[in-house]
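*Asks:* Below is query-v3.csv; it holds CSV, C-alpha atoms and all ligand atoms.
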chain,number,residue,atom,x,y,z
I,1,MET,CA,-44.5,-181.8,-2.9
I,2,ARG,CA,-44.9,-184.4,-0.2
I,3,ILE,CA,-41.9,-186.7,0.1
I,4,ILE,CA,-42.4,-190.1,1.8
I,5,VAL,CA,-39.4,-192.3,2.3
I,6,LYS,CA,-39.8,-196.0,3.1
I,7,GLU,CA,-37.3,-198.6,4.1
I,8,ASN,CA,-37.4,-200.7,0.9
I,9,TYR,CA,-39.2,-201.4,-2.4
I,10,ASP,CA,-42.0,-203.4,-0.8
I,11,GLU,CA,-42.8,-200.6,1.7
I,12,MET,CA,-42.7,-198.1,-1.1
I,13,SER,CA,-45.1,-200.2,-3.1
I,14,LYS,CA,-47.4,-200.6,-0.1
I,15,ALA,CA,-47.6,-196.8,0.5
I,16,ALA,CA,-48.4,-196.3,-3.2
I,17,THR,CA,-51.1,-199.1,-3.1
I,18,ASN,CA,-52.8,-197.3,-0.2
I,19,ILE,CA,-53.1,-194.1,-2.2
I,20,VAL,CA,-54.4,-195.8,-5.3
I,21,ALA,CA,-56.8,-198.1,-3.5
I,22,GLY,CA,-58.0,-195.1,-1.4
I,23,GLN,CA,-58.6,-193.1,-4.6
I,24,LEU,CA,-60.7,-196.0,-6.1
I,25,TYR,CA,-62.8,-196.4,-2.9
I,26,ILE,CA,-63.6,-192.7,-2.9
I,27,LYS,CA,-64.1,-192.4,-6.6
I,28,PRO,CA,-64.8,-195.8,-8.2
I,29,ASP,CA,-64.9,-194.3,-11.7
I,30,SER,CA,-61.5,-192.7,-11.4
I,31,ILE,CA,-59.3,-192.0,-14.4
I,32,LEU,CA,-55.9,-193.4,-13.6
I,33,GLY,CA,-52.7,-192.6,-15.5
I,34,LEU,CA,-50.5,-195.7,-15.5
I,35,ALA,CA,-46.8,-196.3,-15.9
I,36,THR,CA,-44.9,-199.5,-16.8
I,37,GLY,CA,-41.4,-200.6,-16.0
I,38,SER,CA,-40.0,-202.3,-12.9
I,39,THR,CA,-41.0,-199.6,-10.4
I,40,PRO,CA,-44.8,-200.1,-10.4
I,41,GLU,CA,-44.8,-203.9,-10.6
I,42,GLY,CA,-45.1,-204.2,-6.8
I,43,LEU,CA,-47.9,-201.7,-6.8
I,44,TYR,CA,-49.9,-203.6,-9.4
I,45,LYS,CA,-49.3,-206.9,-7.6
I,46,ASN,CA,-50.7,-205.4,-4.4
I,47,LEU,CA,-53.7,-203.9,-6.2
I,48,VAL,CA,-54.5,-207.3,-7.6
I,49,LYS,CA,-54.2,-208.7,-4.0
I,50,VAL,CA,-56.6,-206.0,-2.7
I,51,HIS,CA,-59.0,-206.8,-5.5
I,52,GLU,CA,-58.9,-210.5,-4.6
I,53,THR,CA,-59.1,-210.2,-0.9
I,54,VAL,CA,-61.5,-207.2,-0.2
I,55,GLY,CA,-63.0,-206.8,-3.7
I,56,LEU,CA,-61.4,-203.5,-4.7
I,57,ASP,CA,-63.6,-202.7,-7.7
I,58,PHE,CA,-62.1,-201.7,-11.1
I,59,SER,CA,-65.3,-202.1,-13.1
I,60,LYS,CA,-65.8,-198.4,-13.6
I,61,VAL,CA,-62.1,-197.4,-13.7
I,62,VAL,CA,-60.7,-195.8,-16.8
I,63,THR,CA,-56.9,-195.9,-17.5
I,64,PHE,CA,-54.5,-194.1,-19.8
I,65,ASN,CA,-51.0,-195.4,-20.1
I,66,LEU,CA,-48.2,-193.0,-20.3
I,67,ASP,CA,-46.5,-194.6,-23.3
I,68,GLU,CA,-45.9,-197.4,-25.7
I,69,TYR,CA,-43.0,-198.4,-27.9
I,70,TYR,CA,-43.3,-197.4,-31.5
I,71,ASN,CA,-43.5,-200.2,-34.0
I,72,LEU,CA,-43.6,-203.0,-31.5
I,73,PRO,CA,-46.7,-205.2,-31.9
I,74,ARG,CA,-48.9,-205.4,-28.8
I,75,GLU,CA,-48.4,-209.2,-28.7
I,76,ASN,CA,-44.7,-208.7,-28.1
I,77,PRO,CA,-43.9,-209.5,-24.5
I,78,GLN,CA,-41.9,-206.3,-24.2
I,79,SER,CA,-44.8,-204.1,-25.3
I,80,TYR,CA,-46.5,-202.0,-22.7
I,81,HIS,CA,-49.9,-203.5,-23.9
I,82,TYR,CA,-48.5,-206.9,-22.9
I,83,PHE,CA,-47.1,-205.6,-19.6
I,84,MET,CA,-50.4,-204.1,-18.5
I,85,ASN,CA,-52.4,-207.2,-19.3
I,86,GLU,CA,-49.9,-209.4,-17.6
I,87,HIS,CA,-49.5,-207.3,-14.4
I,88,LEU,CA,-53.0,-205.8,-13.9
I,89,PHE,CA,-55.7,-205.9,-16.5
I,90,SER,CA,-56.1,-209.6,-16.8
I,91,LYS,CA,-56.1,-210.0,-13.0
I,92,VAL,CA,-58.8,-207.5,-12.0
I,93,ASN,CA,-62.4,-206.8,-13.1
I,94,ILE,CA,-61.5,-203.9,-15.3
I,95,ASN,CA,-63.4,-203.4,-18.5
I,96,LEU,CA,-60.7,-203.6,-21.2
I,97,GLU,CA,-62.7,-201.1,-23.3
I,98,ASN,CA,-61.9,-198.5,-20.6
I,99,THR,CA,-58.1,-199.1,-20.9
I,100,TYR,CA,-56.2,-196.9,-23.3
I,101,ILE,CA,-52.6,-197.3,-24.4
I,102,PRO,CA,-51.1,-195.4,-27.4
I,103,ASP,CA,-51.1,-197.7,-30.4
I,104,GLY,CA,-47.5,-198.2,-31.3
I,105,MET,CA,-48.4,-199.7,-34.6
I,106,THR,CA,-50.5,-196.8,-35.8
I,107,GLU,CA,-50.3,-195.8,-39.4
I,108,ASP,CA,-51.1,-192.2,-38.7
I,109,LEU,CA,-49.1,-190.9,-35.8
I,110,ASP,CA,-50.6,-187.4,-35.9
I,111,ILE,CA,-54.1,-188.7,-35.6
I,112,GLU,CA,-53.2,-191.3,-33.0
I,113,CYS,CA,-51.6,-188.6,-30.8
I,114,LYS,CA,-54.3,-186.1,-31.3
I,115,ASN,CA,-57.0,-188.7,-30.5
I,116,TYR,CA,-55.2,-189.7,-27.3
I,117,ASP,CA,-55.0,-186.1,-26.1
I,118,ASP,CA,-58.6,-185.4,-27.1
I,119,LEU,CA,-59.9,-188.5,-25.3
I,120,ILE,CA,-58.0,-187.6,-22.1
I,121,GLU,CA,-59.4,-184.1,-22.2
I,122,LYS,CA,-63.0,-185.3,-23.1
I,123,MET,CA,-62.9,-187.6,-20.0
I,124,GLY,CA,-62.0,-184.6,-17.9
I,125,ASN,CA,-58.3,-185.3,-17.4
I,126,ILE,CA,-56.6,-187.8,-15.2
I,127,ASP,CA,-57.6,-188.1,-11.5
I,128,LEU,CA,-54.5,-189.9,-10.3
I,129,GLN,CA,-51.3,-190.2,-12.4
I,130,ILE,CA,-48.7,-192.8,-11.4
I,131,LEU,CA,-45.2,-192.1,-12.5
I,132,GLY,CA,-41.8,-193.8,-12.4
I,133,ILE,CA,-38.7,-191.8,-13.3
I,134,GLY,CA,-35.7,-192.5,-15.6
I,135,GLN,CA,-32.1,-192.0,-14.5
I,136,ASN,CA,-32.1,-189.0,-16.7
I,137,ALA,CA,-35.2,-187.7,-14.9
I,138,HIS,CA,-37.6,-188.5,-17.7
I,139,ILE,CA,-41.3,-189.0,-16.9
I,140,GLY,CA,-43.3,-190.9,-19.4
I,141,PHE,CA,-40.8,-190.9,-22.2
I,142,ASN,CA,-40.3,-187.2,-22.0
I,143,GLU,CA,-36.6,-187.2,-22.4
I,144,PRO,CA,-34.3,-184.2,-21.3
I,145,ASP,CA,-34.9,-181.0,-23.3
I,146,ILE,CA,-38.5,-181.8,-23.9
I,147,LYS,CA,-40.8,-178.9,-24.3
I,148,PHE,CA,-42.9,-178.5,-21.2
I,149,GLU,CA,-46.0,-177.7,-23.2
I,150,ALA,CA,-45.7,-181.0,-25.2
I,151,THR,CA,-48.8,-183.3,-25.4
I,152,THR,CA,-48.8,-186.8,-26.8
I,153,HIS,CA,-46.1,-187.2,-29.3
I,154,LEU,CA,-43.4,-189.5,-30.9
I,155,VAL,CA,-40.2,-189.5,-28.9
I,156,LYS,CA,-36.7,-190.6,-29.9
I,157,LEU,CA,-35.5,-192.5,-26.9
I,158,ASP,CA,-32.2,-191.3,-25.4
I,159,ASP,CA,-29.3,-193.8,-25.5
I,160,GLU,CA,-29.4,-193.9,-21.7
I,161,THR,CA,-33.0,-195.0,-21.8
I,162,ILE,CA,-32.4,-197.6,-24.4
I,163,GLU,CA,-29.4,-198.9,-22.4
I,164,ALA,CA,-31.5,-199.0,-19.2
I,165,ASN,CA,-34.5,-200.7,-20.9
I,166,SER,CA,-32.3,-203.3,-22.7
I,167,ARG,CA,-32.5,-205.4,-19.5
I,168,PHE,CA,-36.0,-206.4,-20.7
I,169,PHE,CA,-34.8,-207.4,-24.2
I,170,THR,CA,-32.3,-210.0,-25.3
I,171,SER,CA,-30.0,-207.3,-26.7
I,172,LYS,CA,-29.8,-203.6,-26.8
I,173,LYS,CA,-30.3,-203.7,-30.6
I,174,GLU,CA,-33.8,-205.0,-30.1
I,175,VAL,CA,-35.0,-202.0,-28.0
I,176,PRO,CA,-37.1,-199.8,-30.1
I,177,GLU,CA,-35.6,-196.4,-30.8
I,178,TYR,CA,-38.9,-194.5,-30.7
I,179,ALA,CA,-42.0,-194.5,-28.4
I,180,ILE,CA,-45.3,-192.6,-28.3
I,181,SER,CA,-45.6,-190.8,-25.0
I,182,MET,CA,-48.0,-188.5,-23.3
I,183,GLY,CA,-46.5,-185.1,-23.0
I,184,ILE,CA,-45.6,-183.1,-19.9
I,185,LYS,CA,-48.7,-181.1,-20.4
I,186,ASN,CA,-51.0,-184.2,-20.1
I,187,ILE,CA,-49.2,-185.2,-17.0
I,188,MET,CA,-49.3,-181.8,-15.4
I,189,LEU,CA,-53.1,-181.6,-16.0
I,190,ALA,CA,-53.6,-184.7,-13.7
I,191,LYS,CA,-55.4,-183.7,-10.5
I,192,LYS,CA,-53.0,-185.7,-8.3
I,193,ILE,CA,-49.6,-187.3,-9.1
I,194,ILE,CA,-47.6,-190.0,-7.3
I,195,LEU,CA,-44.1,-190.6,-8.4
I,196,LEU,CA,-42.3,-193.8,-7.2
I,197,ALA,CA,-38.6,-194.5,-7.3
I,198,SER,CA,-36.4,-197.1,-5.7
I,199,GLY,CA,-32.7,-197.8,-5.9
I,200,GLU,CA,-29.5,-195.7,-5.7
I,201,ASN,CA,-29.4,-195.3,-9.5
I,202,LYS,CA,-32.5,-193.0,-9.2
I,203,ALA,CA,-31.1,-190.8,-6.4
I,204,GLU,CA,-29.6,-188.1,-8.7
I,205,ALA,CA,-32.8,-187.9,-10.8
I,206,ILE,CA,-34.8,-187.5,-7.5
I,207,TYR,CA,-32.5,-184.8,-6.3
I,208,LYS,CA,-33.0,-182.8,-9.5
I,209,THR,CA,-36.7,-183.4,-9.4
I,210,VAL,CA,-37.1,-182.1,-5.9
I,211,LEU,CA,-34.3,-179.5,-5.5
I,212,GLY,CA,-33.0,-178.7,-9.0
I,213,SER,CA,-34.1,-175.8,-11.1
I,214,VAL,CA,-37.2,-176.3,-13.1
I,215,ARG,CA,-35.7,-176.9,-16.5
I,216,PRO,CA,-36.4,-179.1,-19.5
I,217,ASP,CA,-33.1,-180.9,-19.1
I,218,ALA,CA,-34.5,-182.5,-16.0
I,219,PRO,CA,-38.1,-183.1,-17.2
I,220,ALA,CA,-39.4,-184.3,-13.8
I,221,SER,CA,-38.4,-181.0,-12.2
I,222,ILE,CA,-41.6,-179.5,-13.6
I,223,LEU,CA,-43.5,-181.4,-10.9
I,224,GLN,CA,-42.3,-178.8,-8.4
I,225,LEU,CA,-45.0,-176.6,-10.1
I,226,HIS,CA,-47.8,-179.1,-9.6
I,227,ARG,CA,-50.0,-178.6,-6.5
I,228,ASP,CA,-50.6,-182.2,-5.5
I,229,VAL,CA,-47.6,-184.4,-6.0
I,230,VAL,CA,-46.5,-187.2,-3.6
I,231,ILE,CA,-43.1,-188.7,-4.1
I,232,ILE,CA,-42.7,-192.1,-2.6
I,233,LEU,CA,-39.1,-193.4,-2.4
I,234,ASP,CA,-37.1,-196.1,-0.8
I,235,LYS,CA,-34.1,-195.1,1.2
I,236,ASP,CA,-31.6,-195.6,-1.6
I,237,ALA,CA,-33.5,-193.3,-4.0
I,238,ALA,CA,-33.8,-190.7,-1.3
I,239,LYS,CA,-30.2,-190.7,-0.3
I,240,LEU,CA,-29.3,-187.3,-1.7
I,241,LEU,CA,-32.3,-185.5,-0.1
I,242,PRO,CA,-31.9,-183.5,3.1
I,243,GLU,CA,-33.8,-185.0,6.1
I,244,ASN,CA,-35.9,-181.9,6.6
I,245,LEU,CA,-37.7,-182.4,3.4
I,246,ILE,CA,-38.9,-185.8,4.2
I,247,GLU,CA,-42.3,-186.3,5.8
I,248,LYS,CA,-42.1,-187.7,9.3
N,301,LIG,C1,-42.9,-196.2,-18.3
N,301,LIG,C2,-42.4,-194.8,-18.1
N,301,LIG,C3,-41.0,-194.5,-17.8
N,301,LIG,C4,-40.5,-195.4,-16.6
N,301,LIG,C5,-39.0,-195.1,-16.3
N,301,LIG,C6,-38.5,-195.9,-15.1
N,301,LIG,O1,-44.2,-196.2,-18.6
N,301,LIG,O2,-43.1,-194.0,-18.4
N,301,LIG,O3,-40.9,-193.2,-17.4
N,301,LIG,O4,-41.3,-195.1,-15.4
N,301,LIG,O5,-38.3,-195.3,-17.4
N,301,LIG,O6,-38.5,-197.2,-15.5
N,301,LIG,P1,-38.2,-198.4,-14.4
N,301,LIG,O7,-39.3,-198.4,-13.4
N,301,LIG,O8,-38.2,-199.7,-15.2
N,301,LIG,O9,-36.9,-198.0,-13.7
Translate this structure into structure tokens?
*Replies:*
Amino acid sequence: MRIIVKENYDEMSKAATNIVAGQLYIKPDSILGLATGSTPEGLYKNLVKVHETVGLDFSKVVTFNLDEYYNLPRENPQSYHYFMNEHLFSKVNINLENTYIPDGMTEDLDIECKNYDDLIEKMGNIDLQILGIGQNAHIGFNEPDIKFEATTHLVKLDDETIEANSRFFTSKKEVPEYAISMGIKNIMLAKKIILLASGENKAEAIYKTVLGSVRPDAPASILQLHRDVVIILDKDAAKLLPENLIEK
């Protein structure tokens, strides 16, 4: 694991932008794994800027999102379909037919999940996976005690996750209880992974990810077993990590 610590959220987002933009310059038909939530907003904003200013090309890029709420229509402003359109897809020259997000309104969950897994595999797996992390160390919506061999599946969200995500909804009651998420196995098959975290409320999860035992009760700890992970943090999220682990 490489651990990079930046002064603040903007610097963290810039460091992530360089990695993603670099990936697209080297391989314009990259398959990106995308996260939603507050953490990658700065990254997406910067990628739009790089597209506008120096023409970063998304025309051949394929994307797979980590997750989507179950039973929330894609037109709902809190859906991850909506989020991705708003923050990235509508602002760059990506072909929408190459963007995949689990269908939270599916009538056949088993088929939806299997098709998602099959498509990722058929495309040759993800080149660069972008991750955020929950305060309980979830990645995607793989909540504590997930099976590490899990592929795309329906997840019951933890109360802590519902609480944390209620900030996007008018009340906690409106947060869906379930989501469809890529599994740990899909994530671990990505060739390269970057995980971003900012803020003190992520410090404990980051400590467990980097220095805890690799155990399903801290899902992100599995990343210790991946050969190409870059963790990009701001100072607050890094505050429990010893200095000697941080890249100079
Ligand atoms: C979202 C996702 C989640 C978030 C995590 C952190 O697609 O997969 O794992 O990355 O819940 O969310 P934020 O960034 O809002 O703190």
*Asks:* Smallest atom-to-atom distance to ligand LIG 301 (chain N): which of I:Asn71, I:Ser181, I:Asn186, I:Ser171, using only C-alpha atoms and all ligand atoms?
*Replies:* I:Ser181
*Asks:* Ranking I:Thr63, I:Ser30, I:Asn85, I:Asn142 by minimum distance to ligand LIG 301 (chain N) and counting all atoms listed in the file, which one comes first?
*Replies:*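 Looking at the shortest contact to ligand LIG 301 (chain N), the residue is I:Asn142.
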*Asks:* Excluding I:Ile232 and its own-chain neighbours fewer than 3 positions away, which residues fall within 7 Å of it when counting all atoms listed in the file? Please give them as a PyMOL selection string.
*Replies:* chain I and resi 3-5+12+195-197
*Asks:* Quick one: write out the picked residues with C-alpha atoms as a PDB file, in the coordinates of the input?
*Replies:*
ATOM      1  CA  ILE I   3     -41.900-186.700   0.100  1.00  0.00           C
ATOM      2  CA  ILE I   4     -42.400-190.100   1.800  1.00  0.00           C
ATOM      3  CA  VAL I   5     -39.400-192.300   2.300  1.00  0.00           C
ATOM      4  CA  MET I  12     -42.700-198.100  -1.100  1.00  0.00           C
ATOM      5  CA  LEU I 195     -44.100-190.600  -8.400  1.00  0.00           C
ATOM      6  CA  LEU I 196     -42.300-193.800  -7.200  1.00  0.00           C
ATOM      7  CA  ALA I 197     -38.600-194.500  -7.300  1.00  0.00           C
TER       8      ALA I 197
END
*Asks:* Could the residues that lie within 6 Å of ligand LIG 301 (chain N), counting all atoms listed in the file, be listed as a PyMOL selection string?
*Replies:* chain I and resi 35-39+66-67+131-134+138-141
*Asks:* Could you list as a PyMOL selection string every residue that has an atom within 9 Å of (-44.3, -183.6, -15.0), using the file's coordinates and counting only C-alpha atoms?
*Replies:* chain I and resi 131+138-140+142+148+183-188+193+219-226
*Asks:* Let's have the selection written as a PDB file, keeping the file's coordinate frame, with C-alpha atoms.
*Replies:*
ATOM      1  CA  LEU I 131     -45.200-192.100 -12.500  1.00  0.00           C
ATOM      2  CA  HIS I 138     -37.600-188.500 -17.700  1.00  0.00           C
ATOM      3  CA  ILE I 139     -41.300-189.000 -16.900  1.00  0.00           C
ATOM      4  CA  GLY I 140     -43.300-190.900 -19.400  1.00  0.00           C
ATOM      5  CA  ASN I 142     -40.300-187.200 -22.000  1.00  0.00           C
ATOM      6  CA  PHE I 148     -42.900-178.500 -21.200  1.00  0.00           C
ATOM      7  CA  GLY I 183     -46.500-185.100 -23.000  1.00  0.00           C
ATOM      8  CA  ILE I 184     -45.600-183.100 -19.900  1.00  0.00           C
ATOM      9  CA  LYS I 185     -48.700-181.100 -20.400  1.00  0.00           C
ATOM     10  CA  ASN I 186     -51.000-184.200 -20.100  1.00  0.00           C
ATOM     11  CA  ILE I 187     -49.200-185.200 -17.000  1.00  0.00           C
ATOM     12  CA  MET I 188     -49.300-181.800 -15.400  1.00  0.00           C
ATOM     13  CA  ILE I 193     -49.600-187.300  -9.100  1.00  0.00           C
ATOM     14  CA  PRO I 219     -38.100-183.100 -17.200  1.00  0.00           C
ATOM     15  CA  ALA I 220     -39.400-184.300 -13.800  1.00  0.00           C
ATOM     16  CA  SER I 221     -38.400-181.000 -12.200  1.00  0.00           C
ATOM     17  CA  ILE I 222     -41.600-179.500 -13.600  1.00  0.00           C
ATOM     18  CA  LEU I 223     -43.500-181.400 -10.900  1.00  0.00           C
ATOM     19  CA  GLN I 224     -42.300-178.800  -8.400  1.00  0.00           C
ATOM     20  CA  LEU I 225     -45.000-176.600 -10.100  1.00  0.00           C
ATOM     21  CA  HIS I 226     -47.800-179.100  -9.600  1.00  0.00           C
TER      22      HIS I 226
END
*Asks:* Can you pull out every residue within 8 Å of I:Ile126, counting only C-alpha atoms, but drop anything in the same chain fewer than 2 positions away, and send it as a list in words?
*Replies:*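 That gives Ser30, Ile31, Leu32, Gly33, Ile120, Met123, Gly124, Leu128, Gln129, Leu189, Ala190 and Lys191 of chain I.
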*Asks:* Taking all atoms listed in the file into account, name the residue in I:Val230, I:Thr161, I:Thr151, I:Glu143 that is nearest to I:Arg215.
*Replies:*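 Result for the nearest residue to I:Arg215: I:Glu143.
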*Asks:* In Å, with one decimal, what is the gap from atom CA of I:Ala237 to atom CA of I:Glu200?
*Replies:*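 One can read the atom CA of I:Ala237 to atom CA of I:Glu200 distance as 5.0 Å.
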*Asks:* When you look at stretch 108-111 of chain I with a cut-off of 10 Å (counting all atoms listed in the file), what residues show up, excluding the ones that are within fewer than 5 positions of it in the same chain? I need them as a list in words.
*Replies:*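 Listed by chain and then number, they are Tyr70, Pro102, Asp103, Tyr116, Asp117, Thr152, His153, Leu154 and Ile180 of chain I.
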*Asks:* In Å, how far is it from atom CA of I:Lys202 to atom CA of I:Pro77?
*Replies:*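 Between these atoms lies a distance of 25.2 Å.
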*Asks:* Considering all atoms listed in the file, return as a PyMOL selection string whatever protein or nucleic-acid residues lie within 6 Å of stretch 87-93 of chain I, sequence-local ones (same chain, fewer than 3 positions apart) excluded.
*Replies:* chain I and resi 44+58-59+83-84
*Asks:* Using atom CA of I:Ile130 and atom CA of I:Ile231 as the two end points, give the distance in Å to one decimal.
*Replies:* 10.1 Å
*Asks:* Would you be able to write out as a list in words which residues have an atom within 6 Å of (-31.3, -190.6, -19.6) in the file's coordinates, counting all atoms listed in the file?
*Replies:*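 Those residues, ordered by chain and then number, are Gln135, Asn136, Asp158, Glu160 and Thr161 of chain I.
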*Asks:* For a quick check of understanding, using all atoms listed in the file, which of I:Leu245, I:Val175, I:Met182, I:Ala137 has the smallest distance to I:Glu149?
*Replies:*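 With all atoms listed in the file as the atom set, the closest residue is I:Met182.
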*Asks:* Take stretch 40-49 of chain I, bring it up to all heavy atoms, and give me the output as a JSON list (two decimals), in the coordinates of the input.
*Replies:*
[["chain", "number", "residue", "atom", "x", "y", "z"],
["I", 40, "PRO", "N", -43.43, -199.85, -10.88],
["I", 40, "PRO", "CA", -44.80, -200.10, -10.40],
["I", 40, "PRO", "C", -45.23, -201.52, -10.30],
["I", 40, "PRO", "O", -46.39, -201.79, -9.96],
["I", 40, "PRO", "CB", -45.65, -199.30, -11.42],
["I", 40, "PRO", "CG", -44.86, -199.32, -12.67],
["I", 40, "PRO", "CD", -43.42, -199.43, -12.30],
["I", 41, "GLU", "N", -44.35, -202.46, -10.58],
["I", 41, "GLU", "CA", -44.80, -203.90, -10.60],
["I", 41, "GLU", "C", -45.32, -204.28, -9.19],
["I", 41, "GLU", "O", -46.32, -204.98, -9.10],
["I", 41, "GLU", "CB", -43.60, -204.79, -10.94],
["I", 41, "GLU", "CG", -43.37, -204.85, -12.43],
["I", 41, "GLU", "CD", -42.29, -205.85, -12.82],
["I", 41, "GLU", "OE1", -41.98, -206.76, -12.02],
["I", 41, "GLU", "OE2", -41.74, -205.69, -13.93],
["I", 42, "GLY", "N", -44.65, -203.84, -8.12],
["I", 42, "GLY", "CA", -45.10, -204.20, -6.80],
["I", 42, "GLY", "C", -46.45, -203.56, -6.47],
["I", 42, "GLY", "O", -47.33, -204.18, -5.86],
["I", 43, "LEU", "N", -46.65, -202.33, -6.93],
["I", 43, "LEU", "CA", -47.90, -201.70, -6.80],
["I", 43, "LEU", "C", -49.05, -202.45, -7.44],
["I", 43, "LEU", "O", -50.11, -202.70, -6.86],
["I", 43, "LEU", "CB", -47.84, -200.23, -7.33],
["I", 43, "LEU", "CG", -49.14, -199.51, -7.65],
["I", 43, "LEU", "CD1", -49.95, -199.25, -6.38],
["I", 43, "LEU", "CD2", -48.86, -198.18, -8.37],
["I", 44, "TYR", "N", -48.82, -202.85, -8.70],
["I", 44, "TYR", "CA", -49.90, -203.60, -9.40],
["I", 44, "TYR", "C", -50.14, -204.94, -8.75],
["I", 44, "TYR", "O", -51.29, -205.36, -8.65],
["I", 44, "TYR", "CB", -49.47, -203.76, -10.90],
["I", 44, "TYR", "CG", -49.37, -202.44, -11.64],
["I", 44, "TYR", "CD1", -48.44, -202.24, -12.66],
["I", 44, "TYR", "CD2", -50.20, -201.38, -11.31],
["I", 44, "TYR", "CE1", -48.34, -201.02, -13.32],
["I", 44, "TYR", "CE2", -50.11, -200.15, -11.98],
["I", 44, "TYR", "CZ", -49.18, -199.97, -12.98],
["I", 44, "TYR", "OH", -49.08, -198.77, -13.63],
["I", 45, "LYS", "N", -49.08, -205.58, -8.28],
["I", 45, "LYS", "CA", -49.30, -206.90, -7.60],
["I", 45, "LYS", "C", -50.14, -206.68, -6.35],
["I", 45, "LYS", "O", -51.07, -207.45, -6.10],
["I", 45, "LYS", "CB", -47.87, -207.37, -7.19],
["I", 45, "LYS", "CG", -47.80, -208.82, -6.92],
["I", 45, "LYS", "CD", -46.35, -209.25, -6.83],
["I", 45, "LYS", "CE", -46.30, -210.54, -6.04],
["I", 45, "LYS", "NZ", -44.99, -210.84, -5.54],
["I", 46, "ASN", "N", -49.86, -205.61, -5.61],
["I", 46, "ASN", "CA", -50.70, -205.40, -4.40],
["I", 46, "ASN", "C", -52.10, -205.01, -4.75],
["I", 46, "ASN", "O", -53.03, -205.43, -4.05],
["I", 46, "ASN", "CB", -50.08, -204.17, -3.62],
["I", 46, "ASN", "CG", -48.73, -204.49, -3.02],
["I", 46, "ASN", "OD1", -48.35, -205.65, -2.92],
["I", 46, "ASN", "ND2", -48.00, -203.46, -2.62],
["I", 47, "LEU", "N", -52.30, -204.24, -5.82],
["I", 47, "LEU", "CA", -53.70, -203.90, -6.20],
["I", 47, "LEU", "C", -54.47, -205.13, -6.55],
["I", 47, "LEU", "O", -55.65, -205.25, -6.22],
["I", 47, "LEU", "CB", -53.67, -202.89, -7.36],
["I", 47, "LEU", "CG", -53.25, -201.46, -7.02],
["I", 47, "LEU", "CD1", -53.12, -200.61, -8.29],
["I", 47, "LEU", "CD2", -54.24, -200.78, -6.06],
["I", 48, "VAL", "N", -53.82, -206.07, -7.23],
["I", 48, "VAL", "CA", -54.50, -207.30, -7.60],
["I", 48, "VAL", "C", -54.88, -208.05, -6.27],
["I", 48, "VAL", "O", -56.00, -208.56, -6.13],
["I", 48, "VAL", "CB", -53.55, -208.23, -8.43],
["I", 48, "VAL", "CG1", -54.12, -209.64, -8.58],
["I", 48, "VAL", "CG2", -53.32, -207.59, -9.79],
["I", 49, "LYS", "N", -53.95, -208.01, -5.29],
["I", 49, "LYS", "CA", -54.20, -208.70, -4.00],
["I", 49, "LYS", "C", -55.43, -208.00, -3.31],
["I", 49, "LYS", "O", -56.32, -208.67, -2.79],
["I", 49, "LYS", "CB", -52.99, -208.61, -3.12],
["I", 49, "LYS", "CG", -52.83, -209.85, -2.26],
["I", 49, "LYS", "CD", -51.61, -209.78, -1.36],
["I", 49, "LYS", "CE", -50.29, -209.95, -2.10],
["I", 49, "LYS", "NZ", -49.15, -209.52, -1.29]]
